[in-house]
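Peer 1: Please read through the structure below; I'll follow up with questions.
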Amino acid sequence: MTKDQEIQNGGPPPGFHLLTRVGIRSFGTCRTLVLILTFIAYACYHASRKPTSIVKSVLDPEATKNKSFLNLYSPSPNFKPWPIGQVFIRNYGLVGIDNRTEIQKNLSIGKLGSKGWAPFNGEDGTAKLGEIDVAFLSFYSLGMYVAGHLGDRLDLRLFLTIGMMGSGIFVGLFGMGYFWNIHSFVFYLLMQINAGLFQATGWPSVVAVIGNWFGKRKRGLIMGIWNAHTSVGNISGSLLAASVLQHGWGWSFILPGALIFCGGIMVYLFLPAYPEDVGLPSPYRFKAHGDEGRSDTKDGVLDIERGSIDRNDKGAVGDNRRSESMIRKTSAVGLIEACMIPGVIPFALCLFFSKLVAYTFLYWLPFYLSQTEIGGEYMSVKSAGNLSTLFDVGGIVGGILAGYISDRLNARAITAASFMYIAIPSLILYRSYGSVSISLNVILMMISGLFVNGPYALITTAVSADLGTHSSLKGNSRALATVTAIIDGTGSAGAALGPLLTGFISRKGWNAVFYMLVIAALIAGLLLSSLVCSEIREKLHEGKSISPERRAQQHSGGSATEPLLGE
């Protein structure tokens with residue numbers, strides 16, 4: 001094995017010895033481990049992105065324009081807890097107290113933020129909040145292209161570990177601005193820029209790791225379920241940031257930052273980025289050699305003894321990794337070559353507008369809820385943050401549903417475009433009737449989350465993995481991170497644009513913001529038109545050429561799928 005290959009293939013994780021002692025030895029159990037670890041890892045990434053959306057109304061005094069702040073946070077005898085106890089109740093406001101004197105005392109020391117936090121408490125405060133969002137997302141988008149290029153060339157486990165720890169450090173430093181009493185806009189801008197660069201390591205890495213372990217069979221459904229980490233991270237981050245907001249907004253950054261830092265340690269210790277690193281064959285190996293269904297391991301179990309999984313070991317692990325050298329070459333696919341893969345550009349452009357919509361909700365929904373009178377009441381910052389998590393609950397269902405439908409139809413473009421078109425009336429209904437009552441707001445919010453996040457989840461997971469292992473690559477799986485980076489990097493540019501535009505457009509009213517979102521959803525669907533037409537033609541052709549026996553098999557639910565290891 002060459003020196004370059006040793007750098008690329010990092011060997012078994014340091015803590016993998018412990019896992020083999022509890023039965024993590026077969027290909028199936030290792031894949032389950034990879035699913036769980038990457039799920040947790042990317043949930044940590046998203047959790048660390050939520051604090052800015054939660055603290056917006058604390059940093060920016062704009063919230064006081066809707067109602068007197070003391071009235072907003074004082075008890076309301078007519079307001080009843082909904083839907084689960086105290087989670088969305090407004091009575092105790094942000095700090096869990098109903099004493100006006102105590103509230104005024106907290107205001108004087110800047111805990112509640114009615115007076116805002118310089119430099120975000122001026123007339124241009126909303127615009128500055130939009131600018132730090134776009135700084136994060138712009139460098140996240142740019143960093144994505146570099147991260148994908150590096151991810152196909154470096155050890156993914158170490159690369160992901162560095163990204164998670166770096167993200168945690170800069171998210172935490174943003175929060176330390178509260179304790180250090182920093183009011184320089186440049187400081188917060190630089191923290192967001194650096195956080196964005198480190199966050200860019202996450203998505204190409206986790207998708208590449210999943211692609212290394214899973215073939216195409218049921219990829220849409222598996223990745224749809226796995227992609228729930230996005231919404232789980234958003235929900236966890238929102239609840240975590242809101243839960244400590246009463247102690248000062250800095251804690252809302254420090255805790256999520258500590259969470260992702262610890263997640264990085266977990267990845268370093270336990271995540272096997274490649275099957276070969278723990279003595280198992282790649283799922284792409286058999287297709288490349290025409291040996292589908294074969295395995296060099298006995299009964300699919302690691303052919304190494306306990307204690308032999310060592311970075312310096314020259315035994316079975318090294319032999320197995322050397323046997324894969326013809327498949328896992330150090331020369332990865334370049335950016336231009338990856339862009340030429342059929343479908344990459346249309347899906348990347350579609351994701352640009354899809355993420356514009358999704359990330360506008362991610363960064364501005366809590367602020368929007370705190371600014372909007374719902375059922376005749378305004379809710380607190382904390383309640384708005386808690387309530388906004390239900391958008392992501394709908395997103396979880398949307399991601400799974402989109403993956404399942406696309407698997408059943410074998411039509412990724414048709415599924416994604418259909419979801420984007422249906423998202424248009426759901427957004428209009430949410431804006432028009434979401435203020436009628438909190439119950440109706442929640443129902444329409446979850447429906448919007450379903451159709452907005454469904455195609456976003458599908459494109460960033462199953463579609464990216466499909467294209468990263470496209471037949472035109474002739475078995476070279478080292479394009480996974482690069483293709484993922486191109487698609488999600490382009491999408492992240494839209495994710496940067498949406499929150500930025502919202503910061504300015506919201507001055508003209510929220511109707512204008514929703515017009516922007518509707519137009520973006522329409523364009524996202526239209527960009528897939530050529531691929532949709534191609535898939536329809538393929539379906540019509542298949543319908544004419546399929547044999548009666550095969551049709552009966554499909555009708556009965558059977559499928560001629562390839563062996564598990566030869567997916």
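Just remember, in the structure tokens the first chain shown is A, the second B, etc., residues are 1-based per chain, and ligands are 1-based in the order shown.
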Tell me, as a list in words, which residues lie within 8 Å of stretch 233-240 of chain A, counting only C-alpha atoms; anything in the same chain fewer than 6 positions away does not count.
Peer 2: Tyr42, Ala43, Cys44, Tyr45, His46, Ala47, Ser48, Arg49, Lys50, Pro51, Ile54, Ser252, Leu255, Pro256, Leu362, Gly385, Asn386, Thr389, Leu390 and Asp392 of chain A
Peer 1: So, counting only C-alpha atoms, which residue among A:Ala338, A:Ile486, A:Val513, A:Ala481 is closest to A:Leu365?
Peer 2: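 For A:Leu365, the nearest of the candidates is A:Val513.
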Peer 1: Please, what distance in Å, to one decimal, runs between atom CA of A:Glu131 and atom CA of A:Ser205?
Peer 2: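 Rounded to one decimal, the two atoms are 27.3 Å apart.
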Peer 1: Give me, please, the distance in Å between atom CA of A:Ile193 and atom CA of A:Val58, quoted to one decimal.
Peer 2: 21.5 Å
Peer 1: Between A:Gln192, A:Ser426, A:Ser53, A:Thr360, which residue has the minimum interatomic distance to A:Ile447, considering only C-alpha atoms?
Peer 2: A:Ser426
Peer 1: Counting only C-alpha atoms, figure out which residue out of A:Pro119, A:Gly125, A:Gly399, A:Pro425 gets nearest to A:Ile182.
Peer 2: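 Going through A:Pro119, A:Gly125, A:Gly399, A:Pro425 one by one, the smallest distance to A:Ile182 is for A:Pro119.
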Peer 1: Just the residues within 10 Å of stretch 166-171 of chain A, please, counting only C-alpha atoms, with nothing from its chain fewer than 2 positions along; format it as a PDB file with N, CA, C and O atoms, in the first residue's frame.
Peer 2:
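Dumped everything to out23.pdb:
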ATOM      1  N   CYS A  44     -25.973  16.836  15.426  1.00  0.00           N
ATOM      2  CA  CYS A  44     -25.176  17.818  16.182  1.00  0.00           C
ATOM      3  C   CYS A  44     -24.848  19.034  15.324  1.00  0.00           C
ATOM      4  O   CYS A  44     -24.875  20.174  15.808  1.00  0.00           O
ATOM      5  N   TYR A  45     -24.533  18.805  14.051  1.00  0.00           N
ATOM      6  CA  TYR A  45     -24.264  19.927  13.153  1.00  0.00           C
ATOM      7  C   TYR A  45     -25.466  20.870  13.099  1.00  0.00           C
ATOM      8  O   TYR A  45     -25.330  22.090  13.226  1.00  0.00           O
ATOM      9  N   SER A  48     -26.266  22.876  16.265  1.00  0.00           N
ATOM     10  CA  SER A  48     -25.374  24.018  16.499  1.00  0.00           C
ATOM     11  C   SER A  48     -25.682  25.196  15.575  1.00  0.00           C
ATOM     12  O   SER A  48     -25.116  26.276  15.749  1.00  0.00           O
ATOM     13  N   ARG A  49     -26.573  25.000  14.587  1.00  0.00           N
ATOM     14  CA  ARG A  49     -26.951  26.110  13.699  1.00  0.00           C
ATOM     15  C   ARG A  49     -28.191  26.852  14.180  1.00  0.00           C
ATOM     16  O   ARG A  49     -28.507  27.924  13.668  1.00  0.00           O
ATOM     17  N   PRO A  51     -29.070  28.215  17.281  1.00  0.00           N
ATOM     18  CA  PRO A  51     -29.094  29.307  18.257  1.00  0.00           C
ATOM     19  C   PRO A  51     -29.370  30.684  17.668  1.00  0.00           C
ATOM     20  O   PRO A  51     -30.094  31.478  18.282  1.00  0.00           O
ATOM     21  N   THR A  52     -28.811  30.994  16.491  1.00  0.00           N
ATOM     22  CA  THR A  52     -29.024  32.346  15.950  1.00  0.00           C
ATOM     23  C   THR A  52     -30.491  32.627  15.695  1.00  0.00           C
ATOM     24  O   THR A  52     -30.962  33.750  15.899  1.00  0.00           O
ATOM     25  N   LEU A 160     -14.060  14.531   9.372  1.00  0.00           N
ATOM     26  CA  LEU A 160     -15.321  14.839  10.049  1.00  0.00           C
ATOM     27  C   LEU A 160     -15.076  15.262  11.492  1.00  0.00           C
ATOM     28  O   LEU A 160     -15.722  16.184  12.005  1.00  0.00           O
ATOM     29  N   THR A 161     -14.128  14.599  12.148  1.00  0.00           N
ATOM     30  CA  THR A 161     -13.802  14.952  13.535  1.00  0.00           C
ATOM     31  C   THR A 161     -13.309  16.388  13.644  1.00  0.00           C
ATOM     32  O   THR A 161     -13.758  17.154  14.518  1.00  0.00           O
ATOM     33  N   ILE A 162     -12.400  16.778  12.777  1.00  0.00           N
ATOM     34  CA  ILE A 162     -11.864  18.146  12.794  1.00  0.00           C
ATOM     35  C   ILE A 162     -12.973  19.158  12.542  1.00  0.00           C
ATOM     36  O   ILE A 162     -13.058  20.205  13.202  1.00  0.00           O
ATOM     37  N   GLY A 163     -13.849  18.842  11.593  1.00  0.00           N
ATOM     38  CA  GLY A 163     -14.949  19.753  11.283  1.00  0.00           C
ATOM     39  C   GLY A 163     -15.884  19.952  12.456  1.00  0.00           C
ATOM     40  O   GLY A 163     -16.313  21.075  12.742  1.00  0.00           O
ATOM     41  N   MET A 164     -16.217  18.878  13.155  1.00  0.00           N
ATOM     42  CA  MET A 164     -17.146  18.977  14.284  1.00  0.00           C
ATOM     43  C   MET A 164     -16.528  19.742  15.449  1.00  0.00           C
ATOM     44  O   MET A 164     -17.176  20.593  16.067  1.00  0.00           O
ATOM     45  N   LEU A 173     -17.554  30.318  20.842  1.00  0.00           N
ATOM     46  CA  LEU A 173     -16.947  31.655  20.921  1.00  0.00           C
ATOM     47  C   LEU A 173     -17.964  32.750  20.612  1.00  0.00           C
ATOM     48  O   LEU A 173     -17.904  33.847  21.193  1.00  0.00           O
ATOM     49  N   PHE A 174     -18.899  32.470  19.703  1.00  0.00           N
ATOM     50  CA  PHE A 174     -19.968  33.438  19.430  1.00  0.00           C
ATOM     51  C   PHE A 174     -20.741  33.717  20.720  1.00  0.00           C
ATOM     52  O   PHE A 174     -21.029  34.866  21.060  1.00  0.00           O
ATOM     53  N   GLY A 175     -21.061  32.655  21.453  1.00  0.00           N
ATOM     54  CA  GLY A 175     -21.776  32.827  22.711  1.00  0.00           C
ATOM     55  C   GLY A 175     -20.949  33.520  23.781  1.00  0.00           C
ATOM     56  O   GLY A 175     -21.493  34.228  24.636  1.00  0.00           O
ATOM     57  N   MET A 176     -19.628  33.326  23.730  1.00  0.00           N
ATOM     58  CA  MET A 176     -18.770  33.985  24.717  1.00  0.00           C
ATOM     59  C   MET A 176     -18.783  35.494  24.559  1.00  0.00           C
ATOM     60  O   MET A 176     -18.411  36.223  25.484  1.00  0.00           O
ATOM     61  N   TYR A 188     -18.641  39.048  15.697  1.00  0.00           N
ATOM     62  CA  TYR A 188     -19.693  38.060  15.450  1.00  0.00           C
ATOM     63  C   TYR A 188     -19.683  37.597  13.997  1.00  0.00           C
ATOM     64  O   TYR A 188     -19.975  36.439  13.706  1.00  0.00           O
ATOM     65  N   LEU A 190     -16.962  37.307  12.087  1.00  0.00           N
ATOM     66  CA  LEU A 190     -15.844  36.375  11.932  1.00  0.00           C
ATOM     67  C   LEU A 190     -16.153  35.012  12.555  1.00  0.00           C
ATOM     68  O   LEU A 190     -15.757  33.978  12.023  1.00  0.00           O
ATOM     69  N   MET A 191     -16.859  35.021  13.681  1.00  0.00           N
ATOM     70  CA  MET A 191     -17.229  33.745  14.304  1.00  0.00           C
ATOM     71  C   MET A 191     -18.137  32.941  13.386  1.00  0.00           C
ATOM     72  O   MET A 191     -17.981  31.722  13.237  1.00  0.00           O
ATOM     73  N   GLN A 192     -19.088  33.630  12.737  1.00  0.00           N
ATOM     74  CA  GLN A 192     -19.998  32.936  11.834  1.00  0.00           C
ATOM     75  C   GLN A 192     -19.279  32.441  10.577  1.00  0.00           C
ATOM     76  O   GLN A 192     -19.576  31.357  10.065  1.00  0.00           O
ATOM     77  N   ILE A 193     -18.346  33.223  10.076  1.00  0.00           N
ATOM     78  CA  ILE A 193     -17.587  32.818   8.888  1.00  0.00           C
ATOM     79  C   ILE A 193     -16.787  31.543   9.179  1.00  0.00           C
ATOM     80  O   ILE A 193     -16.807  30.585   8.396  1.00  0.00           O
ATOM     81  N   ASN A 194     -16.079  31.537  10.301  1.00  0.00           N
ATOM     82  CA  ASN A 194     -15.277  30.362  10.644  1.00  0.00           C
ATOM     83  C   ASN A 194     -16.145  29.152  10.959  1.00  0.00           C
ATOM     84  O   ASN A 194     -15.812  28.018  10.583  1.00  0.00           O
ATOM     85  N   ALA A 195     -17.263  29.397  11.623  1.00  0.00           N
ATOM     86  CA  ALA A 195     -18.184  28.293  11.897  1.00  0.00           C
ATOM     87  C   ALA A 195     -18.711  27.711  10.593  1.00  0.00           C
ATOM     88  O   ALA A 195     -18.825  26.489  10.441  1.00  0.00           O
ATOM     89  N   GLY A 196     -19.022  28.571   9.622  1.00  0.00           N
ATOM     90  CA  GLY A 196     -19.515  28.103   8.334  1.00  0.00           C
ATOM     91  C   GLY A 196     -18.506  27.242   7.600  1.00  0.00           C
ATOM     92  O   GLY A 196     -18.855  26.214   7.001  1.00  0.00           O
ATOM     93  N   LEU A 197     -17.237  27.636   7.648  1.00  0.00           N
ATOM     94  CA  LEU A 197     -16.192  26.857   6.979  1.00  0.00           C
ATOM     95  C   LEU A 197     -16.050  25.462   7.594  1.00  0.00           C
ATOM     96  O   LEU A 197     -15.921  24.466   6.883  1.00  0.00           O
ATOM     97  N   PHE A 198     -16.071  25.384   8.915  1.00  0.00           N
ATOM     98  CA  PHE A 198     -15.949  24.077   9.559  1.00  0.00           C
ATOM     99  C   PHE A 198     -17.213  23.240   9.383  1.00  0.00           C
ATOM    100  O   PHE A 198     -17.145  22.014   9.262  1.00  0.00           O
ATOM    101  N   GLN A 199     -18.372  23.898   9.368  1.00  0.00           N
ATOM    102  CA  GLN A 199     -19.619  23.161   9.174  1.00  0.00           C
ATOM    103  C   GLN A 199     -19.685  22.533   7.785  1.00  0.00           C
ATOM    104  O   GLN A 199     -20.374  21.539   7.575  1.00  0.00           O
ATOM    105  N   ALA A 200     -18.964  23.116   6.832  1.00  0.00           N
ATOM    106  CA  ALA A 200     -18.984  22.601   5.463  1.00  0.00           C
ATOM    107  C   ALA A 200     -18.402  21.194   5.363  1.00  0.00           C
ATOM    108  O   ALA A 200     -18.657  20.486   4.383  1.00  0.00           O
ATOM    109  N   THR A 201     -17.643  20.779   6.345  1.00  0.00           N
ATOM    110  CA  THR A 201     -17.056  19.435   6.309  1.00  0.00           C
ATOM    111  C   THR A 201     -18.097  18.349   6.541  1.00  0.00           C
ATOM    112  O   THR A 201     -17.891  17.192   6.183  1.00  0.00           O
ATOM    113  N   GLY A 202     -19.217  18.708   7.134  1.00  0.00           N
ATOM    114  CA  GLY A 202     -20.160  17.713   7.614  1.00  0.00           C
ATOM    115  C   GLY A 202     -20.895  16.926   6.555  1.00  0.00           C
ATOM    116  O   GLY A 202     -20.778  15.690   6.491  1.00  0.00           O
ATOM    117  N   GLY A 250     -25.865  33.957  25.667  1.00  0.00           N
ATOM    118  CA  GLY A 250     -24.596  33.297  25.388  1.00  0.00           C
ATOM    119  C   GLY A 250     -24.653  31.797  25.605  1.00  0.00           C
ATOM    120  O   GLY A 250     -24.036  31.017  24.863  1.00  0.00           O
ATOM    121  N   SER A 252     -27.050  29.905  24.995  1.00  0.00           N
ATOM    122  CA  SER A 252     -27.759  29.274  23.871  1.00  0.00           C
ATOM    123  C   SER A 252     -26.798  28.865  22.761  1.00  0.00           C
ATOM    124  O   SER A 252     -27.159  28.065  21.889  1.00  0.00           O
ATOM    125  N   PHE A 253     -25.598  29.429  22.761  1.00  0.00           N
ATOM    126  CA  PHE A 253     -24.565  29.034  21.808  1.00  0.00           C
ATOM    127  C   PHE A 253     -23.569  28.054  22.412  1.00  0.00           C
ATOM    128  O   PHE A 253     -23.098  27.127  21.745  1.00  0.00           O
ATOM    129  N   ILE A 254     -23.243  28.263  23.681  1.00  0.00           N
ATOM    130  CA  ILE A 254     -22.196  27.450  24.313  1.00  0.00           C
ATOM    131  C   ILE A 254     -22.613  25.988  24.425  1.00  0.00           C
ATOM    132  O   ILE A 254     -21.826  25.074  24.134  1.00  0.00           O
ATOM    133  N   LEU A 255     -23.862  25.725  24.820  1.00  0.00           N
ATOM    134  CA  LEU A 255     -24.293  24.339  24.973  1.00  0.00           C
ATOM    135  C   LEU A 255     -24.338  23.580  23.648  1.00  0.00           C
ATOM    136  O   LEU A 255     -23.807  22.463  23.564  1.00  0.00           O
ATOM    137  N   PRO A 256     -24.938  24.126  22.579  1.00  0.00           N
ATOM    138  CA  PRO A 256     -24.875  23.415  21.289  1.00  0.00           C
ATOM    139  C   PRO A 256     -23.441  23.258  20.777  1.00  0.00           C
ATOM    140  O   PRO A 256     -23.107  22.258  20.146  1.00  0.00           O
ATOM    141  N   GLY A 257     -22.585  24.266  21.066  1.00  0.00           N
ATOM    142  CA  GLY A 257     -21.187  24.157  20.673  1.00  0.00           C
ATOM    143  C   GLY A 257     -20.488  23.019  21.389  1.00  0.00           C
ATOM    144  O   GLY A 257     -19.714  22.261  20.789  1.00  0.00           O
ATOM    145  N   ALA A 258     -20.767  22.862  22.678  1.00  0.00           N
ATOM    146  CA  ALA A 258     -20.185  21.763  23.448  1.00  0.00           C
ATOM    147  C   ALA A 258     -20.713  20.416  22.954  1.00  0.00           C
ATOM    148  O   ALA A 258     -19.975  19.420  22.916  1.00  0.00           O
ATOM    149  N   LEU A 259     -21.981  20.403  22.536  1.00  0.00           N
ATOM    150  CA  LEU A 259     -22.590  19.168  22.041  1.00  0.00           C
ATOM    151  C   LEU A 259     -21.883  18.659  20.791  1.00  0.00           C
ATOM    152  O   LEU A 259     -21.532  17.477  20.691  1.00  0.00           O
ATOM    153  N   ILE A 260     -21.657  19.537  19.816  1.00  0.00           N
ATOM    154  CA  ILE A 260     -21.026  19.092  18.574  1.00  0.00           C
ATOM    155  C   ILE A 260     -19.546  18.771  18.795  1.00  0.00           C
ATOM    156  O   ILE A 260     -18.993  17.883  18.141  1.00  0.00           O
ATOM    157  N   PHE A 261     -18.896  19.453  19.731  1.00  0.00           N
ATOM    158  CA  PHE A 261     -17.499  19.135  20.054  1.00  0.00           C
ATOM    159  C   PHE A 261     -17.395  17.713  20.611  1.00  0.00           C
ATOM    160  O   PHE A 261     -16.533  16.934  20.196  1.00  0.00           O
ATOM    161  N   CYS A 262     -18.302  17.372  21.521  1.00  0.00           N
ATOM    162  CA  CYS A 262     -18.305  16.008  22.072  1.00  0.00           C
ATOM    163  C   CYS A 262     -18.663  14.987  20.989  1.00  0.00           C
ATOM    164  O   CYS A 262     -18.150  13.859  20.994  1.00  0.00           O
ATOM    165  N   GLY A 263     -19.547  15.395  20.070  1.00  0.00           N
ATOM    166  CA  GLY A 263     -19.886  14.515  18.957  1.00  0.00           C
ATOM    167  C   GLY A 263     -18.674  14.211  18.100  1.00  0.00           C
ATOM    168  O   GLY A 263     -18.529  13.091  17.582  1.00  0.00           O
ATOM    169  N   GLY A 264     -17.790  15.175  17.941  1.00  0.00           N
ATOM    170  CA  GLY A 264     -16.561  14.956  17.189  1.00  0.00           C
ATOM    171  C   GLY A 264     -15.671  13.917  17.840  1.00  0.00           C
ATOM    172  O   GLY A 264     -15.046  13.089  17.158  1.00  0.00           O
TER     173      GLY A 264
END
Peer 1: Identify, with DSSP run on backbone atoms, the residues in stretch 105-303 of chain A assigned to alpha helix (DSSP H), and express the list as a PyMOL selection string.
Peer 2: chain A and resi 105-108+125-151+156-179+185-199+202-213+219-226+228-243+251-270+285-289
Peer 1: Emit the selected residues as a short mmCIF file (atom, residue, chain, number, x, y, z; two decimals), in the first residue's frame, including C-alpha atoms.
Peer 2:
data_model
loop_
_atom_site.label_atom_id
_atom_site.label_comp_id
_atom_site.auth_asym_id
_atom_site.auth_seq_id
_atom_site.Cartn_x
_atom_site.Cartn_y
_atom_site.Cartn_z
CA LYS A 105 -34.42 43.88 36.80
CA ASN A 106 -33.44 41.34 34.14
CA LEU A 107 -33.89 43.95 31.45
CA SER A 108 -31.40 46.20 33.15
CA GLY A 125 -30.62 45.33 13.53
CA THR A 126 -32.77 42.99 11.47
CA ALA A 127 -30.57 43.54 8.42
CA LYS A 128 -27.41 42.84 10.46
CA LEU A 129 -28.89 39.60 11.73
CA GLY A 130 -29.53 38.69 8.11
CA GLU A 131 -25.94 39.60 7.25
CA ILE A 132 -24.41 37.26 9.84
CA ASP A 133 -26.70 34.51 8.55
CA VAL A 134 -25.54 35.07 4.99
CA ALA A 135 -21.90 35.22 6.13
CA PHE A 136 -22.25 31.80 7.72
CA LEU A 137 -24.10 30.28 4.78
CA SER A 138 -21.93 31.88 2.09
CA PHE A 139 -18.72 30.48 3.54
CA TYR A 140 -20.53 27.23 4.26
CA SER A 141 -21.45 27.06 0.58
CA LEU A 142 -17.94 27.94 -0.64
CA GLY A 143 -16.33 25.62 1.88
CA MET A 144 -18.56 22.80 0.68
CA TYR A 145 -16.80 22.58 -2.69
CA VAL A 146 -13.40 22.41 -1.02
CA ALA A 147 -14.62 19.99 1.64
CA GLY A 148 -16.05 17.62 -0.95
CA HIS A 149 -12.82 17.68 -2.92
CA LEU A 150 -10.81 16.92 0.23
CA GLY A 151 -13.31 14.38 1.52
CA LEU A 156 -13.25 10.83 6.28
CA ARG A 157 -13.28 9.99 9.98
CA LEU A 158 -10.51 12.44 10.82
CA PHE A 159 -11.88 15.03 8.42
CA LEU A 160 -15.32 14.84 10.05
CA THR A 161 -13.80 14.95 13.53
CA ILE A 162 -11.86 18.15 12.79
CA GLY A 163 -14.95 19.75 11.28
CA MET A 164 -17.15 18.98 14.28
CA MET A 165 -14.62 20.15 16.86
CA GLY A 166 -13.87 23.33 14.91
CA SER A 167 -17.58 24.06 14.58
CA GLY A 168 -18.07 23.62 18.30
CA ILE A 169 -15.24 25.99 19.13
CA PHE A 170 -16.51 28.86 16.97
CA VAL A 171 -20.17 28.42 17.90
CA GLY A 172 -19.10 28.56 21.53
CA LEU A 173 -16.95 31.65 20.92
CA PHE A 174 -19.97 33.44 19.43
CA GLY A 175 -21.78 32.83 22.71
CA MET A 176 -18.77 33.98 24.72
CA GLY A 177 -19.36 37.41 23.22
CA TYR A 178 -22.17 37.75 25.75
CA PHE A 179 -19.94 36.99 28.75
CA PHE A 185 -20.17 43.40 14.63
CA VAL A 186 -16.88 42.21 13.09
CA PHE A 187 -16.34 39.76 15.96
CA TYR A 188 -19.69 38.06 15.45
CA LEU A 189 -19.23 38.12 11.68
CA LEU A 190 -15.84 36.37 11.93
CA MET A 191 -17.23 33.74 14.30
CA GLN A 192 -20.00 32.94 11.83
CA ILE A 193 -17.59 32.82 8.89
CA ASN A 194 -15.28 30.36 10.64
CA ALA A 195 -18.18 28.29 11.90
CA GLY A 196 -19.51 28.10 8.33
CA LEU A 197 -16.19 26.86 6.98
CA PHE A 198 -15.95 24.08 9.56
CA GLN A 199 -19.62 23.16 9.17
CA GLY A 202 -20.16 17.71 7.61
CA TRP A 203 -22.54 16.92 4.81
CA PRO A 204 -20.12 15.67 2.12
CA SER A 205 -18.45 13.49 4.74
CA VAL A 206 -21.51 11.81 6.23
CA VAL A 207 -23.11 11.18 2.83
CA ALA A 208 -19.84 9.72 1.54
CA VAL A 209 -19.59 7.46 4.61
CA ILE A 210 -23.16 6.23 4.08
CA GLY A 211 -22.48 5.75 0.38
CA ASN A 212 -19.41 3.66 1.23
CA TRP A 213 -21.54 1.26 3.27
CA ARG A 219 -31.63 3.86 -0.72
CA GLY A 220 -34.41 6.47 -0.87
CA LEU A 221 -36.32 5.03 2.11
CA ILE A 222 -33.19 4.31 4.18
CA MET A 223 -31.75 7.76 3.56
CA GLY A 224 -35.15 9.38 4.05
CA ILE A 225 -35.32 7.90 7.53
CA TRP A 226 -31.64 8.63 8.16
CA ALA A 228 -34.41 12.81 9.92
CA HIS A 229 -31.18 13.85 11.65
CA THR A 230 -31.66 17.28 10.07
CA SER A 231 -35.02 17.82 11.75
CA VAL A 232 -33.98 16.06 14.96
CA GLY A 233 -30.96 18.37 15.12
CA ASN A 234 -33.09 21.44 14.46
CA ILE A 235 -35.58 20.43 17.14
CA SER A 236 -32.87 19.54 19.66
CA GLY A 237 -30.97 22.74 18.95
CA SER A 238 -34.10 24.86 19.30
CA LEU A 239 -35.14 23.28 22.58
CA LEU A 240 -31.60 23.35 23.98
CA ALA A 241 -31.02 26.98 23.03
CA ALA A 242 -34.43 28.09 24.31
CA SER A 243 -34.08 26.18 27.58
CA TRP A 251 -25.54 29.94 26.90
CA SER A 252 -27.76 29.27 23.87
CA PHE A 253 -24.56 29.03 21.81
CA ILE A 254 -22.20 27.45 24.31
CA LEU A 255 -24.29 24.34 24.97
CA PRO A 256 -24.87 23.42 21.29
CA GLY A 257 -21.19 24.16 20.67
CA ALA A 258 -20.19 21.76 23.45
CA LEU A 259 -22.59 19.17 22.04
CA ILE A 260 -21.03 19.09 18.57
CA PHE A 261 -17.50 19.14 20.05
CA CYS A 262 -18.31 16.01 22.07
CA GLY A 263 -19.89 14.52 18.96
CA GLY A 264 -16.56 14.96 17.19
CA ILE A 265 -14.82 12.93 19.88
CA MET A 266 -17.41 10.18 19.45
CA VAL A 267 -16.83 10.09 15.68
CA TYR A 268 -13.06 9.88 16.12
CA LEU A 269 -13.30 6.97 18.52
CA PHE A 270 -15.92 4.79 16.88
CA ARG A 285 -16.43 -4.41 -4.92
CA PHE A 286 -18.54 -7.21 -6.32
CA LYS A 287 -20.06 -5.14 -9.10
CA ALA A 288 -16.65 -4.02 -10.17
CA HIS A 289 -15.39 -7.60 -10.42
#
Peer 1: Report as a VMD selection string all protein, DNA and RNA residues lying within 8 Å of stretch 523-525 of chain A, evaluated on only C-alpha atoms, omitting residues in the same chain fewer than 2 positions from it.
Peer 2: chain A and resid 349 to 354 416 to 418 420 to 421 519 to 521 527 to 529
Peer 1: Restricting the calculation to only C-alpha atoms, which member of A:Leu531, A:Ile414, A:Leu245, A:Leu522 is positioned closest to A:Ser380?
Peer 2: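 Looking at the shortest contact to A:Ser380, the residue is A:Leu245.
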Peer 1: Taking only C-alpha atoms into account, which of A:Phe367, A:Gly248, A:Phe347, A:Leu271 comes nearest A:Ser506?
Peer 2: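 Of the candidates, the smallest distance to A:Ser506 is held by A:Phe367.
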Peer 1: Restricting the calculation to only C-alpha atoms: of A:Leu500, A:Leu18, A:Ile438, A:Ala273, which residue gets closest to A:Leu37?
Peer 2: A:Ala273
